[in-house]
Amino acid sequence: MPDYPLIADHGLIGDLQTAALVATDGSVDWFCTPRFDSPSVFGALLDAERGGHLRIRPATGVVTTRQLYVPDTAVLVTRFLTEAGVGEIVDFMPIEAATVATTSRRLIRMVRCVRGEMTFTVDIAPRFDYGRERSETHLSDDGVVFEGARNAMTVCLIREPEDDRIARTWVDDDGDVHGEVRLVAGQMRGLSVQTGTAGPVRPVRVAEAWRLFDETVDFWEAWVGRSTYAGRWRETLHRSAITLKLMTYAPTGALVAAPTAALPEQVGGERNWDYRYTWVRDASFSVYSLIGLGYTEEAAALGRWLRDRVEEQADKNGSGPLQIMYRVDGSSDLTEETLEHWAGYRGSAPVRIGNGAADQLQLDIYGEALDSIYVADRHGVAIGHQGWLRICELLDWVSGNWDQPEEGIWETRGGRRDFTYGRLMCWVALDRGIRLAAEHGRPAPLQRWQTERDAIYRQIMERGWSPTRRAFRQHYETDVLDSALLRMPTVGFITPTDPMWTATLRAMDAELVTDSLVYRYDPAASPDGLRGSEGTFSLCTFAYVTALTCAGQIDKARLTFEKMLTYANHLGLFSEEIGLTGEQLGNFPQAFTHLALIDAAIALDRELDRHPRGLEQRRTVIPVG
């Protein structure tokens, strides 16, 4: 098995149309272009031998590595400490006309010697279209062009005019380019990588590279400066906000669930999904989180993206079921296929691209969409007449279709069930629609919506409650618990001090919580149609923090939150899951986790401000009968 870096041993850079992962060993081992959901150019993260990479690292000696972001930016610095000297790579993607979709992307790798002398090795090994497209290599003194039938990449050297050659270079039998560059303290050289174009090759002057660096730093500092958050975890939340911005496709405002595909939930297992798409659920949660930080423009863009999906669906079939996820441009073709020629991360096959869950029926997305529209409306993102008509059509569909089996929030592939969370969010959809109609005096079939909303409430209380477990359950035919239901009090369905809810929270504590980390559910007790197990789900842990906060268990909530922060990687990034050893698992970084982190921190801040240290008001919990 080739050597793979840990999932957590990566930083993220991007230009608001796509992103790249940079490992602590100096390798760009994941980069799709020109969009998040495009085929990869570098994919060594999923196959170290055949995936392709762009690696720069010290040539010899024992190396200690460190990685950090330039504060309040998405500019990544990877440092190498050796006996001969100290060097670093500064990686970033310039933000150029981000709102205009283009087919060309640019990545800058500035290589510096900070102290002493250092020789760096450079390995450029692109593999277009997930390694399925061959390319020809054209090497010159100023760089190299890799040209395939449909794709191209131009690498220009960053150097000064007096440099004879920046490095000794050669091409191997596979067409990969290798080189060496020797630097002394104070020198900077590097590479400017342009995808989507086959030349021209020209030397990029050091001053030009520094200008691009300054412009990129200025962009991110200005963007972070718009934040209104001034709470206890400012640096943590701003890093999460930058990470979410990096996962946003600026031309449409869509937010991808993660910039990666097929990273396993269990090493060697089959739970390997493609997350480079925009889920209605994630987009909906994003609106609330971004507004909480003061980013109303981004929230409005996501709101427009959601509105467009609703209107398109209405045009197609009278506002039937929304697709649960879409490509970043709003298109709906997410055909799932397997890359049989790739081994997968540490042998975790199959490597899936596309996502077959796109056509699943997941009723919760309607509640999440309407809740985000409602929150946005309360913060000045107004709903026009046509938008209201589309909302009415959507809620009319929910009114007639909420009481049916579905696949549920976790996209299980074990058949449809009457999931309690799906019913809960249908209640939210109708409740928010009723509120919007009343607050704005909009015409609506309120009697029907109220009748169906109340019917959902009664059904959940009667069938979603397990008298045996004394807790709300995953679906009506089981006593299995589900941490998705942690949202019951936060959406207003039940008060956080209701005996039925406090009993549910205690049951979850006993079954789903381990050292403050939270599992989604127990797949052994509730088969989901897949082999293997999974780690604790990071977004569920942050949702648990929010639920504890709402229930008045503020000390426990804060300790859980602080402990969870220790599971972030060295840059403050989270993947989907945490394994038994604390290893990050699944696609990385995951937007949903960072959204839940923001929500938990804001909720905690609010309660801690309300109850000064040492004077916390404990809420009385009445045991269930």
# chains A, B, ... in the order shown; residues from 1 in each chain; ligands from 1
$ residues_around --residues "segment 604-609 of chain A" --least-positions-apart "4" --cutoff "7 Å" --atoms "only C-alpha atoms" --output "JSON, numbers by chain"
{"A": [231, 232, 549, 600]}
$ select_by_dssp --residues "segment 9-99 of chain A" --states "strand (DSSP E or B)" --output "PyMOL selection string"
chain A and resi 10-14+19-23+27-32+40-42+53-58+64-69+76-81+85-92
$ residues_around --residues "Glu49 of chain A" --least-positions-apart "4" --cutoff "10 Å" --atoms "only C-alpha atoms" --output "PyMOL selection string"
chain A and resi 1-3+43-45+53+342-343
$ residues_around --residues "Asp359 of chain A" --least-positions-apart "4" --cutoff "12 Å" --atoms "only C-alpha atoms" --output "PDB file with N, CA and C atoms, in the first residue's frame"
ATOM      1  N   TRP A 279     -26.359  20.293  -1.686  1.00  0.00           N
ATOM      2  CA  TRP A 279     -27.564  19.726  -1.087  1.00  0.00           C
ATOM      3  C   TRP A 279     -28.519  20.856  -0.720  1.00  0.00           C
ATOM      4  N   PRO A 321     -41.581  16.787  -5.986  1.00  0.00           N
ATOM      5  CA  PRO A 321     -40.436  16.717  -5.083  1.00  0.00           C
ATOM      6  C   PRO A 321     -39.195  17.411  -5.640  1.00  0.00           C
ATOM      7  N   LEU A 322     -38.575  18.207  -4.803  1.00  0.00           N
ATOM      8  CA  LEU A 322     -37.274  18.756  -5.139  1.00  0.00           C
ATOM      9  C   LEU A 322     -36.260  17.619  -5.185  1.00  0.00           C
ATOM     10  N   GLN A 323     -35.257  17.746  -6.031  1.00  0.00           N
ATOM     11  CA  GLN A 323     -34.139  16.827  -5.953  1.00  0.00           C
ATOM     12  C   GLN A 323     -33.342  17.215  -4.714  1.00  0.00           C
ATOM     13  N   ILE A 324     -32.769  16.249  -4.006  1.00  0.00           N
ATOM     14  CA  ILE A 324     -32.115  16.588  -2.742  1.00  0.00           C
ATOM     15  C   ILE A 324     -30.787  17.301  -2.949  1.00  0.00           C
ATOM     16  N   MET A 325     -30.169  17.132  -4.144  1.00  0.00           N
ATOM     17  CA  MET A 325     -28.909  17.800  -4.421  1.00  0.00           C
ATOM     18  C   MET A 325     -28.808  18.120  -5.903  1.00  0.00           C
ATOM     19  N   TYR A 326     -27.958  19.083  -6.224  1.00  0.00           N
ATOM     20  CA  TYR A 326     -27.773  19.535  -7.594  1.00  0.00           C
ATOM     21  C   TYR A 326     -26.295  19.837  -7.819  1.00  0.00           C
ATOM     22  N   SER A 332     -29.154  18.926 -12.792  1.00  0.00           N
ATOM     23  CA  SER A 332     -29.567  17.816 -11.927  1.00  0.00           C
ATOM     24  C   SER A 332     -29.005  16.461 -12.323  1.00  0.00           C
ATOM     25  N   ASP A 333     -28.083  16.406 -13.264  1.00  0.00           N
ATOM     26  CA  ASP A 333     -27.514  15.120 -13.684  1.00  0.00           C
ATOM     27  C   ASP A 333     -26.338  14.759 -12.782  1.00  0.00           C
ATOM     28  N   LEU A 334     -26.573  13.828 -11.861  1.00  0.00           N
ATOM     29  CA  LEU A 334     -25.538  13.399 -10.926  1.00  0.00           C
ATOM     30  C   LEU A 334     -25.343  11.887 -11.012  1.00  0.00           C
ATOM     31  N   THR A 335     -25.378  11.368 -12.219  1.00  0.00           N
ATOM     32  CA  THR A 335     -25.261   9.925 -12.421  1.00  0.00           C
ATOM     33  C   THR A 335     -24.043   9.376 -11.686  1.00  0.00           C
ATOM     34  N   GLU A 336     -24.266   8.337 -10.891  1.00  0.00           N
ATOM     35  CA  GLU A 336     -23.185   7.760 -10.095  1.00  0.00           C
ATOM     36  C   GLU A 336     -22.455   6.681 -10.889  1.00  0.00           C
ATOM     37  N   GLY A 354     -20.188  11.220  -8.909  1.00  0.00           N
ATOM     38  CA  GLY A 354     -21.633  11.298  -9.065  1.00  0.00           C
ATOM     39  C   GLY A 354     -22.273  10.797  -7.779  1.00  0.00           C
ATOM     40  N   ASN A 355     -23.572  10.923  -7.663  1.00  0.00           N
ATOM     41  CA  ASN A 355     -24.218  10.504  -6.424  1.00  0.00           C
ATOM     42  C   ASN A 355     -25.619   9.974  -6.702  1.00  0.00           C
ATOM     43  N   LEU A 363     -37.953  13.934   2.727  1.00  0.00           N
ATOM     44  CA  LEU A 363     -38.960  14.946   2.996  1.00  0.00           C
ATOM     45  C   LEU A 363     -38.437  16.094   3.850  1.00  0.00           C
ATOM     46  N   GLU A 406     -39.991   7.380   3.176  1.00  0.00           N
ATOM     47  CA  GLU A 406     -38.927   8.101   2.467  1.00  0.00           C
ATOM     48  C   GLU A 406     -37.584   7.512   2.876  1.00  0.00           C
ATOM     49  N   GLU A 407     -36.506   8.027   2.247  1.00  0.00           N
ATOM     50  CA  GLU A 407     -35.169   7.506   2.551  1.00  0.00           C
ATOM     51  C   GLU A 407     -34.514   8.171   3.751  1.00  0.00           C
ATOM     52  N   GLU A 411     -29.619   9.428   3.944  1.00  0.00           N
ATOM     53  CA  GLU A 411     -29.480   8.831   2.610  1.00  0.00           C
ATOM     54  C   GLU A 411     -29.200   7.330   2.675  1.00  0.00           C
ATOM     55  N   ARG A 413     -29.635   3.381   2.165  1.00  0.00           N
ATOM     56  CA  ARG A 413     -29.982   2.646   0.958  1.00  0.00           C
ATOM     57  C   ARG A 413     -30.598   1.299   1.322  1.00  0.00           C
TER      58      ARG A 413
END
$ closest_residue --among "A:Thr154, A:Thr566, A:Gln187, A:Ser227" --to "Val201 of chain A" --atoms "only C-alpha atoms"
A:Thr154
$ atom_distance --atom1 "atom CA of Glu208 of chain A" --atom2 "atom CA of Asp142 of chain A"
15.2 Å
$ select_by_dssp --residues "segment 131-255 of chain A" --states "helix (DSSP H, G or I)" --output "MDAnalysis selection string"
chainID A and resid 131 206:224 234:246
$ atom_distance --atom1 "atom CA of Gly11 of chain A" --atom2 "atom CA of Phe36 of chain A"
15.9 Å
$ atom_distance --atom1 "atom CA of Asp141 of chain A" --atom2 "atom CA of Leu157 of chain A"
8.6 Å
$ residues_around --residues "His138 of chain A" --least-positions-apart "6" --cutoff "9 Å" --atoms "only C-alpha atoms" --output "list in words"
Val144, Val145, Phe146, Glu147 and Gly175 of chain A
$ residues_around --residues "Ser466 of chain A" --least-positions-apart "6" --cutoff "8 Å" --atoms "only C-alpha atoms" --output "NGL selection string"
:A and (472-473 or 479)
$ write_last_selection --atoms "N, CA and C atoms" --output "CSV table (one decimal), in the first residue's frame"
chain,number,residue,atom,x,y,z
A,472,PHE,N,-38.1,9.9,21.6
A,472,PHE,CA,-38.5,9.9,20.2
A,472,PHE,C,-37.5,9.0,19.4
A,473,ARG,N,-38.0,8.3,18.4
A,473,ARG,CA,-37.3,7.3,17.7
A,473,ARG,C,-37.0,7.7,16.2
A,479,ASP,N,-37.2,1.1,17.6
A,479,ASP,CA,-36.9,1.9,18.8
A,479,ASP,C,-35.5,2.5,18.7
$ closest_residue --among "A:Gln584, A:Asp174, A:Thr412, A:Leu517" --to "Leu559 of chain A" --atoms "only C-alpha atoms"
A:Leu517
$ closest_residue --among "A:Thr82, A:Ser27, A:Asn587, A:Ser140" --to "Thr119 of chain A" --atoms "only C-alpha atoms"
A:Thr82
$ residues_around --residues "segment 590-595 of chain A" --least-positions-apart "6" --cutoff "9 Å" --atoms "only C-alpha atoms" --output "ChimeraX atom specification"
/A:237,240-241,243-244,247,255-260,275,282,285-286,288-290,537-542,573-576
$ write_last_selection --atoms "C-alpha atoms" --output "PDB file, in the first residue's frame"
ATOM      1  CA  LEU A 237     -15.689  30.891  13.662  1.00  0.00           C
ATOM      2  CA  SER A 240     -15.109  28.127   9.566  1.00  0.00           C
ATOM      3  CA  ALA A 241     -16.576  31.067   7.658  1.00  0.00           C
ATOM      4  CA  THR A 243     -13.816  27.487   4.796  1.00  0.00           C
ATOM      5  CA  LEU A 244     -17.485  27.817   3.828  1.00  0.00           C
ATOM      6  CA  MET A 247     -16.625  25.880  -0.795  1.00  0.00           C
ATOM      7  CA  LEU A 255     -22.279  25.738  -1.527  1.00  0.00           C
ATOM      8  CA  VAL A 256     -20.793  22.261  -2.021  1.00  0.00           C
ATOM      9  CA  ALA A 257     -21.063  19.780   0.835  1.00  0.00           C
ATOM     10  CA  ALA A 258     -17.310  19.186   0.549  1.00  0.00           C
ATOM     11  CA  PRO A 259     -14.699  19.703  -2.173  1.00  0.00           C
ATOM     12  CA  THR A 260     -13.782  15.982  -2.170  1.00  0.00           C
ATOM     13  CA  TYR A 275     -19.870  15.337  -1.885  1.00  0.00           C
ATOM     14  CA  ASP A 282     -26.822  22.195   3.453  1.00  0.00           C
ATOM     15  CA  PHE A 285     -28.624  25.590   6.952  1.00  0.00           C
ATOM     16  CA  SER A 286     -26.019  27.897   5.431  1.00  0.00           C
ATOM     17  CA  TYR A 288     -29.017  30.736   8.947  1.00  0.00           C
ATOM     18  CA  SER A 289     -25.326  30.378   9.812  1.00  0.00           C
ATOM     19  CA  LEU A 290     -24.138  33.079   7.409  1.00  0.00           C
ATOM     20  CA  PHE A 537     -20.620  12.370  13.061  1.00  0.00           C
ATOM     21  CA  SER A 538     -19.107  15.782  13.714  1.00  0.00           C
ATOM     22  CA  LEU A 539     -22.129  17.868  12.794  1.00  0.00           C
ATOM     23  CA  CYS A 540     -24.210  15.796  15.232  1.00  0.00           C
ATOM     24  CA  THR A 541     -21.787  16.618  18.035  1.00  0.00           C
ATOM     25  CA  PHE A 542     -22.199  20.329  17.388  1.00  0.00           C
ATOM     26  CA  LEU A 573     -10.800  22.128   9.703  1.00  0.00           C
ATOM     27  CA  PHE A 574     -13.234  19.250  10.211  1.00  0.00           C
ATOM     28  CA  SER A 575     -14.149  16.293   8.036  1.00  0.00           C
ATOM     29  CA  GLU A 576     -17.451  14.414   8.312  1.00  0.00           C
TER      30      GLU A 576
END
$ closest_residue --among "A:Ala101, A:Ala601, A:Val171, A:Ala149" --to "Ala125 of chain A" --atoms "only C-alpha atoms"
A:Val171
$ closest_residue --among "A:Val398, A:Ala8, A:Met153, A:Ala48" --to "Arg106 of chain A" --atoms "only C-alpha atoms"
A:Met153
$ decode --residues "segment 383-518 of chain A" --atoms "C-alpha atoms" --output "mmCIF file, in the first residue's frame"
data_model
loop_
_atom_site.group_PDB
_atom_site.id
_atom_site.type_symbol
_atom_site.label_atom_id
_atom_site.label_comp_id
_atom_site.auth_asym_id
_atom_site.auth_seq_id
_atom_site.Cartn_x
_atom_site.Cartn_y
_atom_site.Cartn_z
ATOM 1 C CA ILE A 383 -39.818 37.372 -1.023
ATOM 2 C CA GLY A 384 -41.356 38.697 -4.235
ATOM 3 C CA HIS A 385 -44.756 37.789 -5.655
ATOM 4 C CA GLN A 386 -43.517 35.052 -7.979
ATOM 5 C CA GLY A 387 -41.408 33.633 -5.191
ATOM 6 C CA TRP A 388 -44.449 33.475 -2.919
ATOM 7 C CA LEU A 389 -46.456 31.655 -5.578
ATOM 8 C CA ARG A 390 -43.692 29.034 -5.843
ATOM 9 C CA ILE A 391 -43.644 28.648 -2.060
ATOM 10 C CA CYS A 392 -47.398 28.088 -2.043
ATOM 11 C CA GLU A 393 -47.086 25.411 -4.719
ATOM 12 C CA LEU A 394 -44.324 23.729 -2.732
ATOM 13 C CA LEU A 395 -46.344 23.734 0.479
ATOM 14 C CA ASP A 396 -49.414 22.454 -1.318
ATOM 15 C CA TRP A 397 -47.290 19.486 -2.416
ATOM 16 C CA VAL A 398 -46.025 18.971 1.146
ATOM 17 C CA SER A 399 -49.607 19.101 2.433
ATOM 18 C CA GLY A 400 -50.575 16.219 0.195
ATOM 19 C CA ASN A 401 -47.403 14.125 0.438
ATOM 20 C CA TRP A 402 -45.906 14.351 3.922
ATOM 21 C CA ASP A 403 -47.428 11.081 5.120
ATOM 22 C CA GLN A 404 -45.390 8.606 3.077
ATOM 23 C CA PRO A 405 -42.234 6.544 3.567
ATOM 24 C CA GLU A 406 -38.927 8.101 2.467
ATOM 25 C CA GLU A 407 -35.169 7.506 2.551
ATOM 26 C CA GLY A 408 -34.428 9.996 5.324
ATOM 27 C CA ILE A 409 -31.735 12.583 6.060
ATOM 28 C CA TRP A 410 -28.842 10.097 6.165
ATOM 29 C CA GLU A 411 -29.480 8.831 2.610
ATOM 30 C CA THR A 412 -29.730 5.226 3.707
ATOM 31 C CA ARG A 413 -29.982 2.646 0.958
ATOM 32 C CA GLY A 414 -32.012 0.119 2.889
ATOM 33 C CA GLY A 415 -35.487 1.128 1.714
ATOM 34 C CA ARG A 416 -38.037 3.773 2.600
ATOM 35 C CA ARG A 417 -39.313 4.278 6.147
ATOM 36 C CA ASP A 418 -41.598 6.614 8.063
ATOM 37 C CA PHE A 419 -38.732 8.685 9.447
ATOM 38 C CA THR A 420 -39.626 10.911 12.372
ATOM 39 C CA TYR A 421 -37.174 13.613 11.299
ATOM 40 C CA GLY A 422 -38.748 13.824 7.846
ATOM 41 C CA ARG A 423 -42.168 14.335 9.435
ATOM 42 C CA LEU A 424 -40.710 16.904 11.828
ATOM 43 C CA MET A 425 -39.336 19.005 8.997
ATOM 44 C CA CYS A 426 -42.589 18.791 7.047
ATOM 45 C CA TRP A 427 -44.176 20.308 10.144
ATOM 46 C CA VAL A 428 -41.519 23.049 9.999
ATOM 47 C CA ALA A 429 -42.231 23.712 6.309
ATOM 48 C CA LEU A 430 -45.935 24.250 6.883
ATOM 49 C CA ASP A 431 -45.395 26.185 10.105
ATOM 50 C CA ARG A 432 -43.008 28.632 8.432
ATOM 51 C CA GLY A 433 -45.312 29.039 5.467
ATOM 52 C CA ILE A 434 -48.189 29.885 7.801
ATOM 53 C CA ARG A 435 -46.040 32.414 9.640
ATOM 54 C CA LEU A 436 -44.871 34.073 6.422
ATOM 55 C CA ALA A 437 -48.435 34.368 5.145
ATOM 56 C CA ALA A 438 -49.647 35.882 8.413
ATOM 57 C CA GLU A 439 -46.744 38.298 8.851
ATOM 58 C CA HIS A 440 -46.958 39.676 5.308
ATOM 59 C CA GLY A 441 -50.687 39.319 4.637
ATOM 60 C CA ARG A 442 -50.055 36.986 1.701
ATOM 61 C CA PRO A 443 -52.870 34.882 0.213
ATOM 62 C CA ALA A 444 -52.587 31.199 1.134
ATOM 63 C CA PRO A 445 -54.773 28.141 1.863
ATOM 64 C CA LEU A 446 -54.094 28.587 5.561
ATOM 65 C CA GLN A 447 -56.827 26.284 6.796
ATOM 66 C CA ARG A 448 -55.417 23.355 4.810
ATOM 67 C CA TRP A 449 -51.846 24.094 5.852
ATOM 68 C CA GLN A 450 -52.858 24.384 9.517
ATOM 69 C CA THR A 451 -54.847 21.162 9.369
ATOM 70 C CA GLU A 452 -51.918 19.232 7.910
ATOM 71 C CA ARG A 453 -49.398 20.849 10.240
ATOM 72 C CA ASP A 454 -51.436 19.853 13.267
ATOM 73 C CA ALA A 455 -51.913 16.321 11.902
ATOM 74 C CA ILE A 456 -48.133 15.949 11.612
ATOM 75 C CA TYR A 457 -47.687 17.152 15.184
ATOM 76 C CA ARG A 458 -50.178 14.635 16.535
ATOM 77 C CA GLN A 459 -48.671 11.797 14.494
ATOM 78 C CA ILE A 460 -45.147 12.473 15.742
ATOM 79 C CA MET A 461 -46.330 12.625 19.333
ATOM 80 C CA GLU A 462 -48.262 9.385 18.962
ATOM 81 C CA ARG A 463 -46.083 7.316 16.631
ATOM 82 C CA GLY A 464 -42.697 8.991 16.790
ATOM 83 C CA TRP A 465 -42.562 8.496 20.561
ATOM 84 C CA SER A 466 -41.394 5.108 21.840
ATOM 85 C CA PRO A 467 -43.027 4.206 25.173
ATOM 86 C CA THR A 468 -40.451 1.441 25.569
ATOM 87 C CA ARG A 469 -37.382 3.664 25.078
ATOM 88 C CA ARG A 470 -39.123 6.723 26.523
ATOM 89 C CA ALA A 471 -37.661 8.728 23.673
ATOM 90 C CA PHE A 472 -38.456 9.925 20.180
ATOM 91 C CA ARG A 473 -37.276 7.302 17.694
ATOM 92 C CA GLN A 474 -35.719 7.176 14.243
ATOM 93 C CA HIS A 475 -38.803 5.853 12.448
ATOM 94 C CA TYR A 476 -42.149 4.404 13.410
ATOM 95 C CA GLU A 477 -41.168 0.725 13.078
ATOM 96 C CA THR A 478 -38.141 0.813 15.375
ATOM 97 C CA ASP A 479 -36.912 1.859 18.792
ATOM 98 C CA VAL A 480 -33.568 3.021 17.400
ATOM 99 C CA LEU A 481 -32.543 6.574 18.295
ATOM 100 C CA ASP A 482 -31.416 9.167 15.744
ATOM 101 C CA SER A 483 -29.348 12.254 16.499
ATOM 102 C CA ALA A 484 -31.058 14.132 13.667
ATOM 103 C CA LEU A 485 -33.860 14.621 16.189
ATOM 104 C CA LEU A 486 -31.595 16.863 18.251
ATOM 105 C CA ARG A 487 -33.155 19.644 16.195
ATOM 106 C CA MET A 488 -36.652 19.097 17.633
ATOM 107 C CA PRO A 489 -36.418 21.911 20.217
ATOM 108 C CA THR A 490 -34.331 24.263 18.067
ATOM 109 C CA VAL A 491 -36.998 24.367 15.328
ATOM 110 C CA GLY A 492 -39.700 25.046 17.914
ATOM 111 C CA PHE A 493 -41.532 21.731 17.710
ATOM 112 C CA ILE A 494 -41.115 20.988 21.426
ATOM 113 C CA THR A 495 -39.924 23.057 24.344
ATOM 114 C CA PRO A 496 -36.439 22.114 25.570
ATOM 115 C CA THR A 497 -37.761 21.474 29.088
ATOM 116 C CA ASP A 498 -40.653 19.238 28.037
ATOM 117 C CA PRO A 499 -40.340 15.912 29.916
ATOM 118 C CA MET A 500 -40.592 13.981 26.652
ATOM 119 C CA TRP A 501 -37.639 15.902 25.265
ATOM 120 C CA THR A 502 -35.445 15.728 28.358
ATOM 121 C CA ALA A 503 -36.059 11.968 28.429
ATOM 122 C CA THR A 504 -35.020 11.754 24.759
ATOM 123 C CA LEU A 505 -31.855 13.720 25.469
ATOM 124 C CA ARG A 506 -30.990 11.359 28.337
ATOM 125 C CA ALA A 507 -31.569 8.346 26.084
ATOM 126 C CA MET A 508 -29.280 9.819 23.425
ATOM 127 C CA ASP A 509 -26.656 10.490 26.097
ATOM 128 C CA ALA A 510 -26.708 6.814 26.994
ATOM 129 C CA GLU A 511 -26.751 5.338 23.479
ATOM 130 C CA LEU A 512 -25.329 7.784 20.937
ATOM 131 C CA VAL A 513 -22.811 9.857 22.921
ATOM 132 C CA THR A 514 -19.267 8.684 23.660
ATOM 133 C CA ASP A 515 -16.904 11.085 25.418
ATOM 134 C CA SER A 516 -18.980 13.996 24.093
ATOM 135 C CA LEU A 517 -18.832 12.705 20.484
ATOM 136 C CA VAL A 518 -22.141 11.765 18.885
#
